[in-house]
There are 2 protein chains.
Amino acid sequence: MQHSYAIVGTGAIGGYYGACLQQAGAEVHFLLRSDYDVVQRQGLRVDSVDGDFVLPQVNAYRDVMEMPLCDVVILALKTTQNHLLEKLLPPLLKDNGVVLVLQNGLGMEDLAAAIAGPQRVMGGLCFICSNKVGPGHIRHLDYKAIALGEYTPDHTPGGLTPRLEAIATDFEAANIPIRRTADLLLARWQKLLWNIPFNGLSVVLRATTQEMMADAAVRQLALEIMEEVGAIAAASGRPIAPTYLHDLIDHTDQMKPYLTSMRLDYDARRPLELDAIFNNPLQAAAQAGITVPRIDMLYRQLVFLDAQNR
Amino acid sequence: MQHSYAIVGTGAIGGYYGACLQQAGAEVHFLLRSDYDVVQRQGLRVDSVDGDFVLPQVNAYRDVMEMPLCDVVILALKTTQNHLLEKLLPPLLKDNGVVLVLQNGLGMEDLAAAIAGPQRVMGGLCFICSNKVGPGHIRHLDYKAIALGEYTPDHTPGGLTPRLEAIATDFEAANIPIRRTADLLLARWQKLLWNIPFNGLSVVLRATTQEMMADAAVRQLALEIMEEVGAIAAASGRPIAPTYLHDLIDHTDQMKPYLTSMRLDYDARRPLELDAIFNNPLQAAAQAGITVPRIDMLYRQLVFLDAQNR
């Protein structure tokens, strides 16, 4: 292991990847809030399709001021907590360190860059199905790969750098498959192609991916929403081949039935990640001057349901 | 009272108007199904904002073959029951009688006309808020006016006929305000302008009209859906002034908070009136070659929710 890691947000994502890194020998420091007491006492527990494991002892903190400077700060908070970044990031980051943004949606690296400086930000897109099922207790259900890319302030492709390779190597040593991507923005749009229809519809329709895919009307609707996402991506200089959309639908067909992250948030009455996954892409559409009525409608339905839910 | 009436569908609508007509002295015959025993024994009970009343004895039937021929057959079934019309209408209608279709949506008069003959069909649009709260027990909450118009097979304005005037006079004698309309199709589209957004969104968003109107995002969405309805109406030769849309929004603001008929159906796990209120208007859009993405999306969401609900 080449780096030390700080995990900001020890939940389904941060808790899982942090535990895997520590399990593989890395120095990892976990920031916790409500789970601090339990984790301090009992460590972290991961029930995983790849084999369960327990870390009886972890470096647990409830205040960033007590944490050491780290090479890599993994930002794995819900994006709805990003107003905290100004307090959380500066005390953690070495001068030559990097913030690795493992969050959903669009524009989250820009937020981190405004605080940490653009040269100290990378982005990762997690293709994983995991939940936090109790304090310090994560259930990893399926997948775990990350697409890793360099951030640039003008969103031009950042290329494949030595530090990207070094971090990728650390994750691979922890058995996390890494796709190195030279073009982070393209990867973000490719993920939004799935997240916008399926996260959104799973809340409005109170449905699993499998229930939605079994309904011809919803399949068609999901495809049309994907086409709107693709139109914004193209207008943002990242055209995506139509075959990619159909491959995504086919892939979703083969997924185990599961609840999307937005549906889990909704069911737990947590705020939905609407800015990251919907509003920022809609702003991109508005800037490009294109209309996306289905995404726009889905967004407003979600705004209403989110407000009623809390 | 100039006419005898058969009520096909003694629910929130048919039960209320039939009871008012009988209360005012008309000869009324009620077709019932599950409520037959209770109504045969106890009559009909109407709790109304205009004053409660009970009809201790009514002409109740559970089989149309036992009912007398009537001058006016009021069709007040849920449109999802219209596959029964072929059995229900012919035994009830005098040669010079008329089927008065008091149903939601588009195209319901065409169905009645295919069975009763186009010259024996009229349509009525009910602006009423009433629920059936128990067997033979109706709660009338607000409004009660009907817009009454003549049906024509090519949907050209049918004008104001003597029989329309005669039926209107009967209803007015029962204290039901009647708006005589020469153009039934225009009246249908004017009502769809409200029904499509508010019935549809009330189910998808699980909300009352008041909750929806209190949310700026949903107000805007409702208005955009209305504009799509207006576009189909215009393409069908019935342009509606934009001011009418804003008046409808203003009017909805002033309504008491209440659950739409589609929401009540959804909560009771009854089939939703999707063909009448959504699919037939969407067919009209398709025939006119115009795209209405918001209505289309709302329809498919409702198809899914309806299927999951039963």
# chains A, B, ... in the order shown; residues from 1 in each chain; ligands from 1

$ residues_around --residues "His246 in chain A" --least-positions-apart "6" --cutoff "10 Å" --atoms "only C-alpha atoms" --output "NGL selection string"
:A and (223 or 226 or 252)

$ interface_residues --of "chain A" --to "chain B" --cutoff "8 Å" --atoms "only C-alpha atoms" --output "list of chain:residue names"
A:Val204, A:Leu205, A:Asp215, A:Ala217, A:Val218, A:Leu221, A:Pro293, A:Arg294, A:Met297, A:Arg300, A:Gln301, A:Val303, A:Phe304, A:Leu305

$ residues_around --residues "Phe30 in chain A" --least-positions-apart "4" --cutoff "7 Å" --atoms "only C-alpha atoms" --output "MDAnalysis selection string"
chainID A and resid 6:8 10 59:61

$ write_last_selection --atoms "C-alpha atoms" --output "mmCIF file, in the first residue's frame"
data_model
loop_
_atom_site.group_PDB
_atom_site.id
_atom_site.type_symbol
_atom_site.label_atom_id
_atom_site.label_comp_id
_atom_site.auth_asym_id
_atom_site.auth_seq_id
_atom_site.Cartn_x
_atom_site.Cartn_y
_atom_site.Cartn_z
ATOM 1 C CA ALA A 6 -8.975 9.306 5.348
ATOM 2 C CA ILE A 7 -12.588 8.237 4.947
ATOM 3 C CA VAL A 8 -14.985 11.169 5.201
ATOM 4 C CA THR A 10 -18.151 5.994 6.856
ATOM 5 C CA ASN A 59 -8.867 4.339 13.635
ATOM 6 C CA ALA A 60 -12.152 6.045 14.444
ATOM 7 C CA TYR A 61 -12.683 9.789 14.902
#

$ residues_around --residues "Ser48 in chain A" --least-positions-apart "6" --cutoff "7 Å" --atoms "only C-alpha atoms" --output "list in words"
Arg139, His140 and Leu141 of chain A

$ write_last_selection --atoms "N, CA and C atoms" --output "compact mmCIF listing (two decimals), in the first residue's frame"
# COMPACT_ATOMS: atom_id res chain seq x y z
N ARG A 139 -23.55 -4.01 4.56
CA ARG A 139 -23.88 -5.19 3.76
C ARG A 139 -23.56 -4.89 2.31
N HIS A 140 -22.63 -5.66 1.77
CA HIS A 140 -22.22 -5.48 0.37
C HIS A 140 -22.90 -6.56 -0.47
N LEU A 141 -23.80 -6.12 -1.37
CA LEU A 141 -24.68 -7.06 -2.06
C LEU A 141 -24.16 -7.48 -3.43

$ select_by_dssp --residues "range 69-264 of chain B" --states "strand (DSSP E)" --output "JSON, numbers by chain"
{"B": [70, 71, 72, 73, 74, 75, 93, 94, 95, 96, 97, 98, 99, 100, 101, 121, 122, 123, 124, 125, 126, 127, 128, 129, 130, 131, 132, 133, 134, 137, 138, 139, 140, 141, 142, 143, 144, 145, 146, 147, 148, 149, 150, 178, 179, 180, 181]}

$ write_last_selection --atoms "N, CA and C atoms" --output "CSV table (one decimal), in the first residue's frame"
chain,number,residue,atom,x,y,z
B,70,CYS,N,-86.9,3.4,-19.4
B,70,CYS,CA,-86.9,4.8,-18.9
B,70,CYS,C,-86.6,5.8,-20.0
B,71,ASP,N,-87.0,7.1,-19.7
B,71,ASP,CA,-86.7,8.1,-20.7
B,71,ASP,C,-85.2,8.5,-20.7
B,72,VAL,N,-84.6,8.5,-19.6
B,72,VAL,CA,-83.2,8.9,-19.5
B,72,VAL,C,-82.5,7.8,-18.7
B,73,VAL,N,-81.4,7.3,-19.3
B,73,VAL,CA,-80.6,6.3,-18.6
B,73,VAL,C,-79.3,7.1,-18.3
B,74,ILE,N,-79.1,7.3,-17.0
B,74,ILE,CA,-77.9,8.0,-16.5
B,74,ILE,C,-76.8,7.0,-16.3
B,75,LEU,N,-75.8,7.2,-17.2
B,75,LEU,CA,-74.6,6.2,-17.1
B,75,LEU,C,-73.6,6.8,-16.2
B,93,LEU,N,-83.6,1.3,-22.3
B,93,LEU,CA,-83.9,2.5,-23.0
B,93,LEU,C,-85.1,2.5,-23.9
B,94,LYS,N,-86.0,3.5,-23.7
B,94,LYS,CA,-87.1,3.7,-24.6
B,94,LYS,C,-86.7,4.0,-26.0
B,95,ASP,N,-87.5,3.8,-27.0
B,95,ASP,CA,-87.1,4.1,-28.3
B,95,ASP,C,-86.7,5.5,-28.5
B,96,ASN,N,-87.4,6.4,-27.8
B,96,ASN,CA,-87.1,7.9,-27.9
B,96,ASN,C,-86.3,8.3,-26.7
B,97,GLY,N,-85.8,7.4,-26.0
B,97,GLY,CA,-85.0,7.7,-24.8
B,97,GLY,C,-83.6,8.2,-25.1
B,98,VAL,N,-82.9,8.5,-24.0
B,98,VAL,CA,-81.5,9.0,-24.2
B,98,VAL,C,-80.6,8.5,-23.1
B,99,VAL,N,-79.4,8.1,-23.5
B,99,VAL,CA,-78.4,7.8,-22.5
B,99,VAL,C,-77.6,9.1,-22.2
B,100,LEU,N,-77.6,9.4,-20.9
B,100,LEU,CA,-76.9,10.6,-20.5
B,100,LEU,C,-75.6,10.1,-19.8
B,101,VAL,N,-74.5,10.3,-20.5
B,101,VAL,CA,-73.2,9.8,-20.0
B,101,VAL,C,-72.6,10.8,-19.0
B,121,VAL,N,-77.8,9.7,-27.5
B,121,VAL,CA,-76.7,9.9,-26.5
B,121,VAL,C,-76.5,11.4,-26.3
B,122,MET,N,-76.4,11.7,-25.0
B,122,MET,CA,-76.0,13.0,-24.6
B,122,MET,C,-74.8,12.9,-23.6
B,123,GLY,N,-74.1,13.9,-23.3
B,123,GLY,CA,-73.0,13.8,-22.4
B,123,GLY,C,-73.2,14.9,-21.3
B,124,GLY,N,-72.7,14.6,-20.1
B,124,GLY,CA,-72.7,15.5,-19.0
B,124,GLY,C,-71.4,15.5,-18.3
B,125,LEU,N,-70.9,16.7,-17.9
B,125,LEU,CA,-69.7,16.7,-17.2
B,125,LEU,C,-70.0,17.2,-15.8
B,126,CYS,N,-69.6,16.4,-14.8
B,126,CYS,CA,-70.0,16.7,-13.4
B,126,CYS,C,-68.9,17.5,-12.7
B,127,PHE,N,-69.2,18.6,-12.2
B,127,PHE,CA,-68.3,19.4,-11.4
B,127,PHE,C,-68.8,19.3,-10.0
B,128,ILE,N,-68.3,18.2,-9.4
B,128,ILE,CA,-68.9,17.8,-8.1
B,128,ILE,C,-67.8,17.1,-7.3
B,129,CYS,N,-67.8,17.3,-6.0
B,129,CYS,CA,-66.9,16.6,-5.1
B,129,CYS,C,-67.8,15.7,-4.2
B,130,SER,N,-67.9,14.4,-4.5
B,130,SER,CA,-68.7,13.6,-3.6
B,130,SER,C,-68.1,12.2,-3.6
B,131,ASN,N,-68.3,11.5,-2.5
B,131,ASN,CA,-67.7,10.1,-2.3
B,131,ASN,C,-68.8,9.2,-1.8
B,132,LYS,N,-68.7,8.0,-2.1
B,132,LYS,CA,-69.5,7.0,-1.5
B,132,LYS,C,-68.8,6.5,-0.2
B,133,VAL,N,-69.4,6.7,0.9
B,133,VAL,CA,-68.6,6.4,2.2
B,133,VAL,C,-69.1,5.1,2.8
B,134,GLY,N,-70.2,4.5,2.3
B,134,GLY,CA,-70.7,3.3,2.8
B,134,GLY,C,-71.8,2.8,1.9
B,137,HIS,N,-74.7,5.1,1.0
B,137,HIS,CA,-74.4,6.3,1.8
B,137,HIS,C,-73.4,7.2,1.1
B,138,ILE,N,-73.9,8.4,0.7
B,138,ILE,CA,-73.1,9.3,-0.1
B,138,ILE,C,-72.8,10.5,0.6
B,139,ARG,N,-71.5,11.0,0.5
B,139,ARG,CA,-71.2,12.2,1.2
B,139,ARG,C,-70.9,13.2,0.1
B,140,HIS,N,-71.7,14.3,0.0
B,140,HIS,CA,-71.5,15.3,-1.0
B,140,HIS,C,-70.8,16.5,-0.3
B,141,LEU,N,-69.5,16.8,-0.8
B,141,LEU,CA,-68.7,17.7,-0.1
B,141,LEU,C,-68.7,19.1,-0.7
B,142,ASP,N,-68.8,19.2,-2.0
B,142,ASP,CA,-68.7,20.6,-2.6
B,142,ASP,C,-69.2,20.5,-4.1
B,143,TYR,N,-69.6,21.6,-4.6
B,143,TYR,CA,-70.1,21.8,-6.0
B,143,TYR,C,-71.1,20.7,-6.4
B,144,LYS,N,-71.7,20.9,-7.5
B,144,LYS,CA,-72.7,19.9,-8.0
B,144,LYS,C,-73.1,20.2,-9.5
B,145,ALA,N,-72.6,21.3,-10.1
B,145,ALA,CA,-73.1,21.6,-11.4
B,145,ALA,C,-72.7,20.6,-12.5
B,146,ILE,N,-73.6,20.5,-13.5
B,146,ILE,CA,-73.3,19.7,-14.6
B,146,ILE,C,-73.3,20.5,-15.9
B,147,ALA,N,-72.3,20.3,-16.8
B,147,ALA,CA,-72.4,20.8,-18.1
B,147,ALA,C,-73.0,19.8,-19.1
B,148,LEU,N,-74.0,20.2,-19.8
B,148,LEU,CA,-74.8,19.2,-20.5
B,148,LEU,C,-74.8,19.5,-22.0
B,149,GLY,N,-74.5,18.5,-22.8
B,149,GLY,CA,-74.4,18.7,-24.2
B,149,GLY,C,-74.9,17.5,-25.1
B,150,GLU,N,-75.2,17.8,-26.3
B,150,GLU,CA,-75.7,16.8,-27.2
B,150,GLU,C,-74.5,16.1,-27.9
B,178,ILE,N,-77.3,23.7,-14.1
B,178,ILE,CA,-77.0,23.1,-15.4
B,178,ILE,C,-76.4,24.2,-16.3
B,179,ARG,N,-75.2,23.9,-16.9
B,179,ARG,CA,-74.7,24.7,-17.9
B,179,ARG,C,-75.0,24.0,-19.3
B,180,ARG,N,-75.8,24.6,-20.1
B,180,ARG,CA,-76.2,24.1,-21.4
B,180,ARG,C,-75.0,24.4,-22.3
B,181,THR,N,-74.4,23.4,-22.9
B,181,THR,CA,-73.3,23.6,-23.8
B,181,THR,C,-73.7,23.1,-25.2

$ residues_around --residues "Asp170 in chain A" --least-positions-apart "2" --cutoff "9 Å" --atoms "only C-alpha atoms" --output "number ranges by chain"
A: 1-3, 21, 24, 26, 165-168, 172-174, 176

$ residues_around --residues "Trp194 in chain B" --least-positions-apart "3" --cutoff "9 Å" --atoms "only C-alpha atoms" --output "tab-separated table (two decimals) with N, CA and C atoms, in the first residue's frame"
chain	number	residue	atom	x	y	z
B	189	TRP	N	-62.88	18.69	-23.33
B	189	TRP	CA	-61.47	19.11	-23.27
B	189	TRP	C	-61.23	20.10	-22.14
B	190	GLN	N	-62.21	20.96	-21.90
B	190	GLN	CA	-62.04	21.91	-20.79
B	190	GLN	C	-61.94	21.16	-19.47
B	191	LYS	N	-62.70	20.08	-19.35
B	191	LYS	CA	-62.62	19.33	-18.09
B	191	LYS	C	-61.32	18.52	-18.02
B	197	PRO	N	-53.87	16.76	-15.40
B	197	PRO	CA	-52.80	17.03	-14.43
B	197	PRO	C	-53.15	16.64	-13.00
B	198	PHE	N	-54.33	17.01	-12.53
B	198	PHE	CA	-54.56	16.88	-11.09
B	198	PHE	C	-54.95	15.46	-10.68
B	199	ASN	N	-55.73	14.77	-11.51
B	199	ASN	CA	-55.97	13.37	-11.19
B	199	ASN	C	-54.67	12.58	-11.27
B	222	ALA	N	-47.99	21.32	-13.29
B	222	ALA	CA	-49.41	21.19	-13.63
B	222	ALA	C	-49.76	22.10	-14.79
B	226	MET	N	-51.16	21.07	-18.41
B	226	MET	CA	-52.35	21.72	-18.97
B	226	MET	C	-52.10	22.24	-20.38
B	245	LEU	N	-56.54	28.54	-18.70
B	245	LEU	CA	-55.64	27.69	-17.91
B	245	LEU	C	-55.31	28.36	-16.59
B	248	LEU	N	-58.14	28.32	-14.24
B	248	LEU	CA	-58.30	27.00	-13.62
B	248	LEU	C	-57.35	26.83	-12.45
B	249	ILE	N	-56.11	27.27	-12.63
B	249	ILE	CA	-55.12	27.21	-11.54
B	249	ILE	C	-55.62	28.05	-10.36
B	252	THR	N	-58.36	26.33	-8.64
B	252	THR	CA	-57.90	25.19	-7.85
B	252	THR	C	-57.30	25.66	-6.53

$ residues_around --residues "Ala113 in chain A" --least-positions-apart "4" --cutoff "10 Å" --atoms "only C-alpha atoms" --output "PyMOL selection string"
chain A and resi 99+107-109+117-122+151-153

$ select_by_dssp --residues "range 216-289 of chain A" --states "helix (DSSP H, G or I)" --output "NGL selection string"
:A and (216-235 or 242-254 or 261-267 or 274-288)

$ decode --residues "range 13-54 of chain B" --atoms "N, CA and C atoms" --output "JSON list (two decimals), in the first residue's frame"
[["chain", "number", "residue", "atom", "x", "y", "z"],
["B", 13, "ILE", "N", -71.50, 9.53, -7.88],
["B", 13, "ILE", "CA", -72.11, 10.42, -8.87],
["B", 13, "ILE", "C", -73.58, 10.02, -9.12],
["B", 14, "GLY", "N", -73.77, 8.79, -9.58],
["B", 14, "GLY", "CA", -75.14, 8.35, -9.91],
["B", 14, "GLY", "C", -76.04, 8.34, -8.69],
["B", 15, "GLY", "N", -75.50, 7.92, -7.58],
["B", 15, "GLY", "CA", -76.31, 7.88, -6.36],
["B", 15, "GLY", "C", -76.72, 9.29, -5.93],
["B", 16, "TYR", "N", -75.79, 10.21, -6.04],
["B", 16, "TYR", "CA", -76.09, 11.58, -5.61],
["B", 16, "TYR", "C", -77.14, 12.22, -6.52],
["B", 17, "TYR", "N", -76.90, 12.22, -7.83],
["B", 17, "TYR", "CA", -77.84, 12.90, -8.72],
["B", 17, "TYR", "C", -79.20, 12.19, -8.75],
["B", 18, "GLY", "N", -79.16, 10.85, -8.71],
["B", 18, "GLY", "CA", -80.42, 10.10, -8.69],
["B", 18, "GLY", "C", -81.23, 10.43, -7.45],
["B", 19, "ALA", "N", -80.56, 10.50, -6.33],
["B", 19, "ALA", "CA", -81.26, 10.82, -5.08],
["B", 19, "ALA", "C", -81.85, 12.22, -5.13],
["B", 20, "CYS", "N", -81.09, 13.17, -5.69],
["B", 20, "CYS", "CA", -81.61, 14.55, -5.80],
["B", 20, "CYS", "C", -82.84, 14.59, -6.69],
["B", 21, "LEU", "N", -82.79, 13.85, -7.81],
["B", 21, "LEU", "CA", -83.93, 13.84, -8.73],
["B", 21, "LEU", "C", -85.16, 13.24, -8.05],
["B", 22, "GLN", "N", -84.98, 12.12, -7.35],
["B", 22, "GLN", "CA", -86.12, 11.50, -6.67],
["B", 22, "GLN", "C", -86.67, 12.42, -5.58],
["B", 23, "GLN", "N", -85.74, 13.00, -4.85],
["B", 23, "GLN", "CA", -86.13, 13.94, -3.78],
["B", 23, "GLN", "C", -86.99, 15.08, -4.33],
["B", 24, "ALA", "N", -86.73, 15.46, -5.58],
["B", 24, "ALA", "CA", -87.48, 16.56, -6.21],
["B", 24, "ALA", "C", -88.74, 16.05, -6.91],
["B", 25, "GLY", "N", -89.01, 14.75, -6.81],
["B", 25, "GLY", "CA", -90.28, 14.24, -7.33],
["B", 25, "GLY", "C", -90.20, 13.38, -8.57],
["B", 26, "ALA", "N", -88.99, 13.13, -9.09],
["B", 26, "ALA", "CA", -88.87, 12.33, -10.30],
["B", 26, "ALA", "C", -89.02, 10.84, -9.99],
["B", 27, "GLU", "N", -89.42, 10.08, -11.01],
["B", 27, "GLU", "CA", -89.44, 8.62, -10.92],
["B", 27, "GLU", "C", -88.03, 8.15, -11.26],
["B", 28, "VAL", "N", -87.39, 7.50, -10.30],
["B", 28, "VAL", "CA", -85.99, 7.09, -10.49],
["B", 28, "VAL", "C", -85.84, 5.61, -10.15],
["B", 29, "HIS", "N", -85.08, 4.89, -10.98],
["B", 29, "HIS", "CA", -84.82, 3.47, -10.77],
["B", 29, "HIS", "C", -83.31, 3.27, -10.68],
["B", 30, "PHE", "N", -82.88, 2.65, -9.59],
["B", 30, "PHE", "CA", -81.45, 2.54, -9.30],
["B", 30, "PHE", "C", -80.94, 1.12, -9.54],
["B", 31, "LEU", "N", -79.91, 0.99, -10.36],
["B", 31, "LEU", "CA", -79.24, -0.30, -10.51],
["B", 31, "LEU", "C", -78.08, -0.37, -9.52],
["B", 32, "LEU", "N", -78.06, -1.43, -8.75],
["B", 32, "LEU", "CA", -77.01, -1.60, -7.74],
["B", 32, "LEU", "C", -76.36, -2.95, -7.87],
["B", 33, "ARG", "N", -75.22, -3.08, -7.24],
["B", 33, "ARG", "CA", -74.59, -4.40, -7.18],
["B", 33, "ARG", "C", -74.36, -4.76, -5.72],
["B", 34, "SER", "N", -73.20, -4.41, -5.21],
["B", 34, "SER", "CA", -72.89, -4.86, -3.84],
["B", 34, "SER", "C", -73.77, -4.18, -2.78],
["B", 35, "ASP", "N", -74.28, -2.99, -3.10],
["B", 35, "ASP", "CA", -75.07, -2.26, -2.10],
["B", 35, "ASP", "C", -76.55, -2.62, -2.14],
["B", 36, "TYR", "N", -76.93, -3.54, -3.01],
["B", 36, "TYR", "CA", -78.37, -3.77, -3.23],
["B", 36, "TYR", "C", -79.13, -4.09, -1.93],
["B", 37, "ASP", "N", -78.63, -5.02, -1.15],
["B", 37, "ASP", "CA", -79.38, -5.45, 0.04],
["B", 37, "ASP", "C", -79.60, -4.28, 1.00],
["B", 38, "VAL", "N", -78.55, -3.54, 1.25],
["B", 38, "VAL", "CA", -78.67, -2.42, 2.19],
["B", 38, "VAL", "C", -79.66, -1.37, 1.67],
["B", 39, "VAL", "N", -79.53, -1.03, 0.39],
["B", 39, "VAL", "CA", -80.39, 0.03, -0.18],
["B", 39, "VAL", "C", -81.84, -0.44, -0.26],
["B", 40, "GLN", "N", -82.05, -1.68, -0.60],
["B", 40, "GLN", "CA", -83.41, -2.25, -0.65],
["B", 40, "GLN", "C", -84.07, -2.13, 0.73],
["B", 41, "ARG", "N", -83.27, -2.33, 1.75],
["B", 41, "ARG", "CA", -83.80, -2.33, 3.12],
["B", 41, "ARG", "C", -83.92, -0.91, 3.68],
["B", 42, "GLN", "N", -82.86, -0.10, 3.45],
["B", 42, "GLN", "CA", -82.78, 1.19, 4.16],
["B", 42, "GLN", "C", -82.89, 2.41, 3.27],
["B", 43, "GLY", "N", -82.90, 2.21, 1.95],
["B", 43, "GLY", "CA", -82.92, 3.36, 1.05],
["B", 43, "GLY", "C", -81.56, 4.00, 0.89],
["B", 44, "LEU", "N", -81.55, 5.25, 0.47],
["B", 44, "LEU", "CA", -80.31, 5.99, 0.22],
["B", 44, "LEU", "C", -80.16, 7.12, 1.23],
["B", 45, "ARG", "N", -78.92, 7.38, 1.60],
["B", 45, "ARG", "CA", -78.65, 8.45, 2.55],
["B", 45, "ARG", "C", -77.62, 9.39, 1.93],
["B", 46, "VAL", "N", -77.93, 10.67, 1.94],
["B", 46, "VAL", "CA", -77.03, 11.66, 1.37],
["B", 46, "VAL", "C", -76.67, 12.69, 2.44],
["B", 47, "ASP", "N", -75.40, 12.72, 2.82],
["B", 47, "ASP", "CA", -74.91, 13.79, 3.69],
["B", 47, "ASP", "C", -74.35, 14.86, 2.76],
["B", 48, "SER", "N", -74.95, 16.03, 2.80],
["B", 48, "SER", "CA", -74.59, 17.03, 1.79],
["B", 48, "SER", "C", -74.34, 18.38, 2.42],
["B", 49, "VAL", "N", -73.39, 19.13, 1.84],
["B", 49, "VAL", "CA", -73.18, 20.53, 2.25],
["B", 49, "VAL", "C", -74.45, 21.35, 2.07],
["B", 50, "ASP", "N", -75.35, 20.90, 1.21],
["B", 50, "ASP", "CA", -76.60, 21.63, 0.99],
["B", 50, "ASP", "C", -77.70, 21.16, 1.93],
["B", 51, "GLY", "N", -77.39, 20.28, 2.86],
["B", 51, "GLY", "CA", -78.40, 19.72, 3.76],
["B", 51, "GLY", "C", -78.51, 18.22, 3.57],
["B", 52, "ASP", "N", -78.46, 17.49, 4.67],
["B", 52, "ASP", "CA", -78.55, 16.02, 4.60],
["B", 52, "ASP", "C", -79.99, 15.60, 4.29],
["B", 53, "PHE", "N", -80.13, 14.48, 3.63],
["B", 53, "PHE", "CA", -81.47, 13.90, 3.48],
["B", 53, "PHE", "C", -81.38, 12.39, 3.31],
["B", 54, "VAL", "N", -82.49, 11.74, 3.60],
["B", 54, "VAL", "CA", -82.57, 10.29, 3.46],
["B", 54, "VAL", "C", -83.78, 9.98, 2.57]]
